[in-house]
Amino acid sequence: QNDDDHGDGGEFNDNLHHNRTQYHNTTQYQWTTHSLTIYTSILTSILALYSLWKCATTDPGILPPISSPIRPPPPSDSIPAGGTIPLGGPLGYRYCTTCNIHRPPRSKHCNSCNCCVSKFDHHCPWVGNCIGERNHRMFFVFLVSVSLLTVVITASCVRVLSECYLEGVREQQEEEVMHHQKNNGNEDGLEYYDDTTWMWSNGTSNNNDNNNNSTLPQSLLHQFHYHIALRILSKQPIEVAFGLFGLLCAWSITSLTCFHALIITLGQTTNERVRGVYQYGGVTNPADRGCWRNWMEMMWRKVPESRLPKDFSDVVDLNAGGGCGDCGEVKTPIVLEESVWPGWQESRLASQSSKVKSKK
């Protein structure tokens with residue numbers, strides 16, 4: 001009789017060990033190496049790095065300044081020159097004293113880059129560049145890819161911690177069942193069912209059982225074990241840190257992505273939205289062509305050509321001085337060099353001009 005009991009108990013313990021090993025193989029390690037998780041992480045990481053590089057190195061739509069002490073005339077399509085675009089106002093040309101140009105509508109002078117940018121959205125310190133007409137698309141792709149990556153990281157960490165917690169509950173459940181088996185001597189009345197629940201093999205509970213043994217496993221599953229959760233959090237510090245950081249990034253970046261999706265739908269820029277250009281004063285947005293057309297123009301419109309010169313090595317000659325008309329003395333004209341890109345030699349020209357005046 002004792003040999004039979006010992007044999008039955010050994011077989012029951014072997015079943016416990018087999019089920020526990022099978023459950024352990026489906027825990028966090030398979031989740032972190034899951035094909036969907038790996039492929040999504042790799043694709044979003046590559047897309048995020050590529051879009052970040054393109055957004056940071058692309059000309060956002062810089063309007064070249066004019067290096068001249070004379071204020072330029074109004075543009076040909078402005079109202080003073082016979083056109084239709086007004087001078088001033090939210091939808092008109094505005095004169096920039098720093099760049100000495102009449103910048104077109106929806107443009108703005110960026111104080112960080114010290115230049116005017118066409119269809120200025122905002123200056124992003126994380127990208128290190130202005131977001132404007134030529135790189136807003138890549139900036140939105142960057143936001144979407146980073147949002148997906150942070151969501152995947154957060155979900156992976158939560159899944160790992162939850163699997164560890166369920167495994168801890170499973171171990172405690174096995175201990176309770178083993179203890180229940182030894183105290184009651186019912187080694188054949190319990191079986192493992194559906195990888196999550198311990199129940200009586202006949203599927204029914206014994207109402208005459210004073211110990212209420214059938215409710216023991218269900219109570220383990222329907223209550224939260226704080227001591228197990230705290231133990232898992234202390235044993236998985238990397239997952240906890242990455243999960244919290246990923247949750248913070250996912251919340252902030254996803255919110256920013258939704259905001260940019262909103263302004264794209266409305267055909268606005270961040271600068272116009274923050275300033276409330278079309279919200280106050282009854283100004284109609286001429287760039288708003290409807291939700292579908294706004295998105296088509298944003299994602300599929302050809303990027304305009306850059307206004308910056310392709311070659312910065314070309315040099316032009318400027319006649320900075322001539323003869324002295326009062327004294328009749330004829331002097332050799334002073335020739336100064338200035339790059340095609342106006343502005344970077346302003347200090348040099350100013351210093352040489354001051355020297356010419358002092359000699360006179």
# chains A, B, ... in the order shown; residues from 1 in each chain; ligands from 1
>>> residues_around(residues="Gly128 of chain A", least_positions_apart="5", cutoff="12 Å", atoms="only C-alpha atoms", output="number ranges by chain")
A: 52-60, 112-113, 122-123, 139
>>> residues_around(residues="Ile264 of chain A", least_positions_apart="2", cutoff="12 Å", atoms="only C-alpha atoms", output="PyMOL selection string")
chain A and resi 121+136-137+140+257-262+266-270+272-273+287-299
>>> write_last_selection(atoms="N, CA and C atoms", output="CSV table (one decimal), in the first residue's frame")
chain,number,residue,atom,x,y,z
A,121,ASP,N,7.9,75.9,-39.6
A,121,ASP,CA,7.1,75.2,-38.6
A,121,ASP,C,7.6,75.4,-37.2
A,136,HIS,N,9.7,68.9,-43.5
A,136,HIS,CA,8.6,68.6,-42.6
A,136,HIS,C,8.2,67.1,-42.7
A,137,ARG,N,8.2,66.6,-44.0
A,137,ARG,CA,7.8,65.3,-44.2
A,137,ARG,C,8.7,64.3,-43.5
A,140,PHE,N,8.0,64.3,-39.8
A,140,PHE,CA,6.8,63.5,-39.3
A,140,PHE,C,7.1,62.0,-39.4
A,257,THR,N,3.3,63.5,-32.1
A,257,THR,CA,2.9,63.0,-33.4
A,257,THR,C,1.5,63.3,-33.7
A,258,CYS,N,0.6,63.1,-32.7
A,258,CYS,CA,-0.8,63.4,-32.9
A,258,CYS,C,-1.0,64.9,-33.2
A,259,PHE,N,-0.3,65.7,-32.5
A,259,PHE,CA,-0.4,67.2,-32.8
A,259,PHE,C,0.0,67.5,-34.2
A,260,HIS,N,1.1,66.9,-34.7
A,260,HIS,CA,1.5,67.2,-36.1
A,260,HIS,C,0.5,66.6,-37.1
A,261,ALA,N,-0.1,65.5,-36.7
A,261,ALA,CA,-1.1,64.9,-37.6
A,261,ALA,C,-2.3,65.9,-37.7
A,262,LEU,N,-2.6,66.5,-36.6
A,262,LEU,CA,-3.7,67.5,-36.5
A,262,LEU,C,-3.4,68.7,-37.4
A,266,LEU,N,-5.3,70.1,-40.9
A,266,LEU,CA,-5.8,71.4,-41.0
A,266,LEU,C,-5.0,72.3,-42.0
A,267,GLY,N,-3.9,71.8,-42.5
A,267,GLY,CA,-3.1,72.6,-43.4
A,267,GLY,C,-2.4,73.7,-42.8
A,268,GLN,N,-2.0,73.6,-41.5
A,268,GLN,CA,-1.3,74.6,-40.8
A,268,GLN,C,0.1,74.2,-40.4
A,269,THR,N,0.9,75.2,-39.8
A,269,THR,CA,2.2,74.9,-39.3
A,269,THR,C,2.1,75.1,-37.7
A,270,THR,N,3.1,74.6,-37.1
A,270,THR,CA,3.2,74.8,-35.6
A,270,THR,C,3.2,76.3,-35.3
A,272,GLU,N,1.9,78.8,-36.9
A,272,GLU,CA,0.6,79.4,-37.1
A,272,GLU,C,-0.4,78.9,-36.1
A,273,ARG,N,-0.2,77.6,-35.7
A,273,ARG,CA,-1.2,77.1,-34.7
A,273,ARG,C,-0.9,77.7,-33.3
A,287,ALA,N,-4.1,77.7,-47.5
A,287,ALA,CA,-3.4,76.4,-47.7
A,287,ALA,C,-4.3,75.2,-47.3
A,288,ASP,N,-5.4,75.4,-46.7
A,288,ASP,CA,-6.3,74.3,-46.3
A,288,ASP,C,-7.1,73.8,-47.5
A,289,ARG,N,-6.8,72.7,-48.0
A,289,ARG,CA,-7.6,72.2,-49.2
A,289,ARG,C,-8.4,70.9,-48.8
A,290,GLY,N,-8.6,70.7,-47.6
A,290,GLY,CA,-9.3,69.5,-47.1
A,290,GLY,C,-8.4,68.5,-46.6
A,291,CYS,N,-8.9,67.6,-45.8
A,291,CYS,CA,-8.1,66.6,-45.1
A,291,CYS,C,-7.3,65.7,-46.1
A,292,TRP,N,-8.0,65.2,-47.1
A,292,TRP,CA,-7.3,64.2,-48.0
A,292,TRP,C,-6.2,64.9,-48.8
A,293,ARG,N,-6.5,66.1,-49.4
A,293,ARG,CA,-5.6,66.8,-50.2
A,293,ARG,C,-4.4,67.3,-49.4
A,294,ASN,N,-4.7,67.7,-48.1
A,294,ASN,CA,-3.6,68.2,-47.3
A,294,ASN,C,-2.6,67.1,-47.0
A,295,TRP,N,-3.1,65.9,-46.8
A,295,TRP,CA,-2.2,64.7,-46.5
A,295,TRP,C,-1.5,64.3,-47.8
A,296,MET,N,-2.2,64.4,-48.9
A,296,MET,CA,-1.5,64.0,-50.2
A,296,MET,C,-0.4,65.0,-50.5
A,297,GLU,N,-0.6,66.3,-50.3
A,297,GLU,CA,0.4,67.3,-50.5
A,297,GLU,C,1.6,67.1,-49.6
A,298,MET,N,1.3,66.8,-48.3
A,298,MET,CA,2.3,66.6,-47.3
A,298,MET,C,3.2,65.4,-47.6
A,299,MET,N,2.6,64.3,-48.0
A,299,MET,CA,3.4,63.1,-48.1
A,299,MET,C,3.9,62.8,-49.5
>>> residues_around(residues="Gly88 of chain A", least_positions_apart="3", cutoff="10 Å", atoms="only C-alpha atoms", output="PyMOL selection string")
chain A and resi 85+91-95+102+104-105
>>> select_by_dssp(residues="segment 77-154 of chain A", states="strand (DSSP E or B)", output="PyMOL selection string")
chain A and resi 78+85+87+93-96+101-103+108-110+115-117+122-124+129-131
>>> residues_around(residues="Cys249 of chain A", least_positions_apart="5", cutoff="8 Å", atoms="only C-alpha atoms", output="PyMOL selection string")
chain A and resi 147+150+254
>>> write_last_selection(atoms="all heavy atoms", output="compact mmCIF listing (two decimals), in the first residue's frame")
# COMPACT_ATOMS: atom_id res chain seq x y z
N SER A 147 7.76 56.90 -32.26
CA SER A 147 6.58 56.55 -31.46
C SER A 147 6.34 55.05 -31.47
O SER A 147 6.10 54.43 -30.42
CB SER A 147 5.36 57.30 -31.98
OG SER A 147 5.54 58.71 -31.89
N THR A 150 9.09 53.27 -29.33
CA THR A 150 8.89 53.40 -27.89
C THR A 150 7.70 52.58 -27.41
O THR A 150 7.73 52.01 -26.31
CB THR A 150 8.69 54.87 -27.51
OG1 THR A 150 7.63 55.43 -28.31
CG2 THR A 150 9.95 55.68 -27.75
N THR A 254 4.30 60.36 -28.78
CA THR A 254 3.02 60.05 -29.44
C THR A 254 2.09 61.26 -29.40
O THR A 254 1.36 61.52 -30.37
CB THR A 254 2.36 58.84 -28.77
OG1 THR A 254 3.26 57.73 -28.79
CG2 THR A 254 1.08 58.46 -29.49
>>> closest_residue(among="A:Asn183, A:Ser162, A:Asn135, A:Gln236", to="Lys302 of chain A", atoms="only C-alpha atoms")
A:Asn135
>>> closest_residue(among="A:Val117, A:Ile253, A:Leu47, A:Ile153", to="Ile62 of chain A", atoms="only C-alpha atoms")
A:Val117
>>> closest_residue(among="A:Cys164, A:Leu143, A:Cys157, A:Ala250", to="Thr37 of chain A", atoms="only C-alpha atoms")
A:Cys157
>>> closest_residue(among="A:Ser51, A:Trp126, A:Ser67, A:Pro80", to="Asn100 of chain A", atoms="only C-alpha atoms")
A:Ser67
>>> residues_around(residues="Ile42 of chain A", least_positions_apart="6", cutoff="12 Å", atoms="only C-alpha atoms", output="ChimeraX atom specification")
/A:35-36,48-49,145-146,148-149,152-153
